[in-house]
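*Asks:* final09.txt is the file, holding compact mmCIF, C-alpha atoms:
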```txt
# COMPACT_ATOMS: atom_id res chain seq x y z
CA MET T 10 -27.50 12.81 24.28
CA SER T 11 -24.73 14.50 22.27
CA THR T 12 -22.30 12.65 20.06
CA PHE T 13 -19.44 13.49 17.74
CA ILE T 14 -20.59 10.85 15.27
CA THR T 15 -23.54 12.65 13.77
CA PRO T 16 -25.63 11.45 10.82
CA GLU T 17 -23.66 13.89 8.64
CA VAL T 18 -20.36 12.32 9.74
CA LYS T 19 -21.74 8.84 9.05
CA ALA T 20 -22.90 9.96 5.60
CA ALA T 21 -19.49 11.48 4.85
CA ARG T 22 -17.82 8.22 5.90
CA GLU T 23 -20.10 6.17 3.63
CA GLU T 24 -19.35 8.47 0.70
CA PHE T 25 -15.61 8.19 1.38
CA VAL T 26 -15.82 4.38 1.41
CA ARG T 27 -17.79 4.39 -1.88
CA GLN T 28 -15.20 6.64 -3.52
CA GLU T 29 -12.32 4.45 -2.32
CA GLU T 30 -14.00 1.30 -3.67
CA ARG T 31 -14.62 3.01 -7.01
CA ARG T 32 -10.99 4.15 -7.15
CA LYS T 33 -9.68 0.66 -6.33
CA SER T 34 -11.97 -0.86 -8.94
CA GLU T 35 -10.70 1.57 -11.58
CA ILE T 36 -7.09 0.76 -10.68
CA ARG T 37 -7.75 -2.99 -10.95
CA ARG T 38 -9.42 -2.54 -14.34
CA ALA T 39 -6.48 -0.46 -15.57
CA GLN T 40 -3.98 -3.09 -14.36
CA VAL T 41 -5.88 -5.88 -16.12
CA LYS T 42 -6.10 -3.81 -19.30
CA ALA T 43 -2.34 -3.10 -19.22
CA PHE T 44 -1.58 -6.80 -18.75
CA LEU T 45 -3.84 -7.81 -21.64
CA LYS T 46 -2.09 -5.27 -23.87
CA ALA T 47 1.31 -6.68 -22.85
CA ILE T 48 0.51 -10.33 -23.65
CA LYS T 49 2.38 -10.19 -26.96
CA ASP T 50 5.53 -8.95 -25.19
CA ILE T 51 5.18 -11.57 -22.44
CA CYS T 52 4.92 -14.31 -25.07
CA LYS T 53 8.08 -12.96 -26.71
CA ASP T 54 9.90 -13.06 -23.35
CA VAL T 55 8.77 -16.66 -22.81
CA GLU T 56 9.92 -17.62 -26.31
CA GLU T 57 13.33 -16.04 -25.72
CA ARG T 58 13.71 -17.86 -22.40
CA VAL T 59 12.72 -21.23 -23.89
CA THR T 60 15.06 -20.91 -26.86
CA SER T 61 17.90 -19.69 -24.63
CA GLU T 62 17.52 -22.65 -22.28
CA TYR T 63 17.32 -25.06 -25.21
CA GLU T 64 20.46 -23.59 -26.78
CA ASN T 65 22.33 -23.85 -23.46
CA THR T 66 21.22 -27.32 -22.36
CA GLY T 67 20.17 -29.10 -25.55
CA ALA T 68 16.86 -30.11 -23.98
CA PRO T 69 13.54 -28.29 -24.02
CA PRO T 70 12.74 -26.85 -20.57
CA SER T 71 9.87 -28.27 -18.54
CA SER T 72 9.13 -24.77 -17.26
CA VAL T 73 10.40 -21.22 -17.58
CA ARG T 74 10.03 -18.21 -15.33
CA VAL T 75 10.00 -14.69 -16.75
CA VAL T 76 9.78 -11.31 -15.05
CA CYS T 77 6.53 -9.48 -15.76
CA LYS T 78 6.25 -5.82 -14.76
CA GLU T 79 2.54 -5.69 -15.57
CA LEU T 80 1.69 -8.54 -13.20
CA THR T 81 -0.08 -7.38 -10.04
CA THR T 82 -2.24 -9.17 -7.49
CA ALA T 83 -5.33 -7.93 -9.35
CA VAL T 84 -4.01 -9.47 -12.56
CA ALA T 85 -2.97 -12.70 -10.83
CA SER T 86 -6.47 -13.16 -9.45
CA SER T 87 -8.08 -12.39 -12.82
CA GLU T 88 -9.18 -15.55 -14.60
CA GLN T 89 -9.51 -13.52 -17.80
CA CYS T 90 -5.81 -12.63 -17.74
CA SER T 91 -4.52 -16.14 -17.13
CA LYS T 92 -6.83 -17.62 -19.77
CA ALA T 93 -5.84 -15.00 -22.35
CA LEU T 94 -2.13 -15.52 -21.74
CA LEU T 95 -2.40 -19.31 -21.77
CA SER T 96 -4.37 -19.18 -25.02
CA ALA T 97 -1.79 -16.88 -26.64
CA LEU T 98 1.07 -19.11 -25.51
CA LYS T 99 -0.66 -22.26 -26.76
CA GLU T 100 -1.08 -20.64 -30.18
CA LEU T 101 2.67 -20.05 -30.34
CA GLU T 102 3.81 -23.31 -28.72
CA GLU T 103 1.57 -26.37 -28.78
CA HIS T 104 3.50 -27.99 -25.92
CA THR T 105 2.43 -25.29 -23.45
CA SER T 106 0.54 -27.08 -20.69
CA SER T 107 -0.13 -24.54 -17.94
CA LEU T 108 0.98 -21.31 -16.34
CA ARG T 109 1.10 -19.68 -12.96
CA LEU T 110 1.07 -15.96 -12.24
CA GLU T 111 3.25 -15.09 -9.23
CA ALA T 112 2.49 -11.53 -8.18
CA PHE T 113 5.03 -9.85 -5.91
CA GLU T 114 3.62 -7.99 -2.92
CA PRO T 115 6.05 -5.44 -1.49
CA THR T 116 6.56 -5.40 2.26
CA ILE T 117 8.39 -2.97 4.49
CA TYR T 118 11.25 -5.46 4.62
CA ASN T 119 11.36 -6.05 0.87
CA PRO T 120 9.90 -3.01 -0.93
CA SER T 121 11.20 -3.94 -4.37
CA GLY T 122 10.97 -7.22 -6.18
CA HIS T 123 9.64 -8.89 -9.28
CA SER T 124 6.47 -10.61 -10.33
CA TYR T 125 6.86 -13.71 -12.47
CA VAL T 126 4.97 -15.67 -15.08
CA VAL T 127 5.81 -19.37 -14.77
CA VAL T 128 5.00 -21.40 -17.89
CA ASN T 129 5.01 -25.21 -17.86
CA PHE T 130 5.54 -27.37 -20.93
CA SER T 131 4.80 -30.97 -21.80
CA TRP T 132 7.14 -32.01 -24.60
CA LYS T 133 5.89 -35.60 -24.91
```
Could you show the structure in this file as structure tokens?
*Replies:*
Amino acid sequence: MSTFITPEVKAAREEFVRQEERRKSEIRRAQVKAFLKAIKDICKDVEERVTSEYENTGAPPSSVRVVCKELTTAVASSEQCSKALLSALKELEEHTSSLRLEAFEPTIYNPSGHSYVVVNFSWK
């Protein structure tokens, strides 16, 4: 019996899938690396937001939300990234209690948007 899906076609498909997985893995690693390099800048943005809110309201904020261009879904799902950022923030501000990484996923209805780092504080 003849078929279009020959063993050679199956082998080519398997190779294609392997290459795509390798490419995706490399992209994820590069995104995580870029985020880790940007932690100092993210901390600075958080500090600026906290001091700005304090100057405007006279009370320390319970949480702040800052835009983060380096934040992707791969970064948001990386425990290494959230731990590294939380550790860096705790070194700078002892009242840092937790953080949440909100990665923006573009859709056809909303192709542009922002990803956010949300940092919570406990000032007690």
*Asks:* Which residue, T:Thr116, T:Ser124, T:Ser11, T:Gln89, has the smallest gap to T:Val41 when you use all atoms listed in the file?
*Replies:*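 Of all the options, T:Gln89 lies closest to T:Val41.
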*Asks:* May I ask for the distance between atom CA of T:Gly122 and atom CA of T:Arg58, given in Å to one decimal place?
*Replies:*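 Separation between atom CA of T:Gly122 and atom CA of T:Arg58: 19.6 Å.
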*Asks:* Go through T:Glu23, T:Glu111, T:Glu30, T:Glu79 and flag the residue nearest T:Ile48, using all atoms listed in the file for the distances.
*Replies:*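 Comparing T:Glu23, T:Glu111, T:Glu30, T:Glu79 against T:Ile48, the winner is T:Glu79.
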*Asks:* Provide the atom CA of T:Ala83 to atom CA of T:Arg37 distance in Å, to one decimal place.
*Replies:*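 Calculated distance between atom CA of T:Ala83 and atom CA of T:Arg37 is 5.7 Å.
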*Asks:* At what distance in Å, to one decimal, does atom CA of T:Ser106 lie from atom CA of T:Thr82?
*Replies:* 22.4 Å
*Asks:* Give me the residues within 12 Å of T:Val126 as an NGL selection string, counting only C-alpha atoms and dropping any in the same chain fewer than 3 places off.
*Replies:* :T and (44 or 48 or 51-52 or 54-55 or 58 or 72-81 or 84-85 or 90-91 or 94-95 or 98 or 107-113 or 123 or 129)
*Asks:* Selected residues, C-alpha atoms, written as a short mmCIF file (atom, residue, chain, number, x, y, z; two decimals), in the coordinates of the input, please.
*Replies:*
```
data_model
loop_
_atom_site.label_atom_id
_atom_site.label_comp_id
_atom_site.auth_asym_id
_atom_site.auth_seq_id
_atom_site.Cartn_x
_atom_site.Cartn_y
_atom_site.Cartn_z
CA PHE T 44 -1.58 -6.80 -18.75
CA ILE T 48 0.51 -10.33 -23.65
CA ILE T 51 5.18 -11.57 -22.44
CA CYS T 52 4.92 -14.31 -25.07
CA ASP T 54 9.90 -13.06 -23.35
CA VAL T 55 8.77 -16.66 -22.81
CA ARG T 58 13.71 -17.86 -22.40
CA SER T 72 9.13 -24.77 -17.26
CA VAL T 73 10.40 -21.22 -17.58
CA ARG T 74 10.03 -18.21 -15.33
CA VAL T 75 10.00 -14.69 -16.75
CA VAL T 76 9.78 -11.31 -15.05
CA CYS T 77 6.53 -9.48 -15.76
CA LYS T 78 6.25 -5.82 -14.76
CA GLU T 79 2.54 -5.69 -15.57
CA LEU T 80 1.69 -8.54 -13.20
CA THR T 81 -0.08 -7.38 -10.04
CA VAL T 84 -4.01 -9.47 -12.56
CA ALA T 85 -2.97 -12.70 -10.83
CA CYS T 90 -5.81 -12.63 -17.74
CA SER T 91 -4.52 -16.14 -17.13
CA LEU T 94 -2.13 -15.52 -21.74
CA LEU T 95 -2.40 -19.31 -21.77
CA LEU T 98 1.07 -19.11 -25.51
CA SER T 107 -0.13 -24.54 -17.94
CA LEU T 108 0.98 -21.31 -16.34
CA ARG T 109 1.10 -19.68 -12.96
CA LEU T 110 1.07 -15.96 -12.24
CA GLU T 111 3.25 -15.09 -9.23
CA ALA T 112 2.49 -11.53 -8.18
CA PHE T 113 5.03 -9.85 -5.91
CA HIS T 123 9.64 -8.89 -9.28
CA ASN T 129 5.01 -25.21 -17.86
#
```
*Asks:* What are the centre and the three edge lengths of an axis-aligned box that wraps all atoms of stretch 26-30 of chain T in the file, given that 5 Å is added to every side, written as AutoDock Vina command-line options and rounded to one decimal in Å?
*Replies:*
```
--center_x -15.1 --center_y 4.0 --center_z -1.1 --size_x 15.5 --size_y 15.3 --size_z 15.1
```
*Asks:* Taking into account all atoms listed in the file, which residue in the set T:Ser87, T:Lys92, T:Val26, T:Lys99 is nearest to T:Gln40?
*Replies:*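 Checking each candidate against T:Gln40, we get T:Ser87 as the closest.
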*Asks:* Measuring atom to atom with all atoms listed in the file, identify which of T:Thr60, T:Lys53, T:Asn65, T:Glu88 is nearest to T:Leu101.
*Replies:*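 Closest candidate: T:Lys53.
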*Asks:* Pick from T:Ser96, T:Thr105, T:Asn119, T:Ser61: nearest to T:Lys49, with all atoms listed in the file counted?
*Replies:* T:Ser96
*Asks:* Closest to T:Ala47 among T:Ser131, T:Ala20, T:Ala93, T:Glu114, using only C-alpha atoms?
*Replies:*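 For T:Ala47, the nearest of the given residues is T:Ala93.
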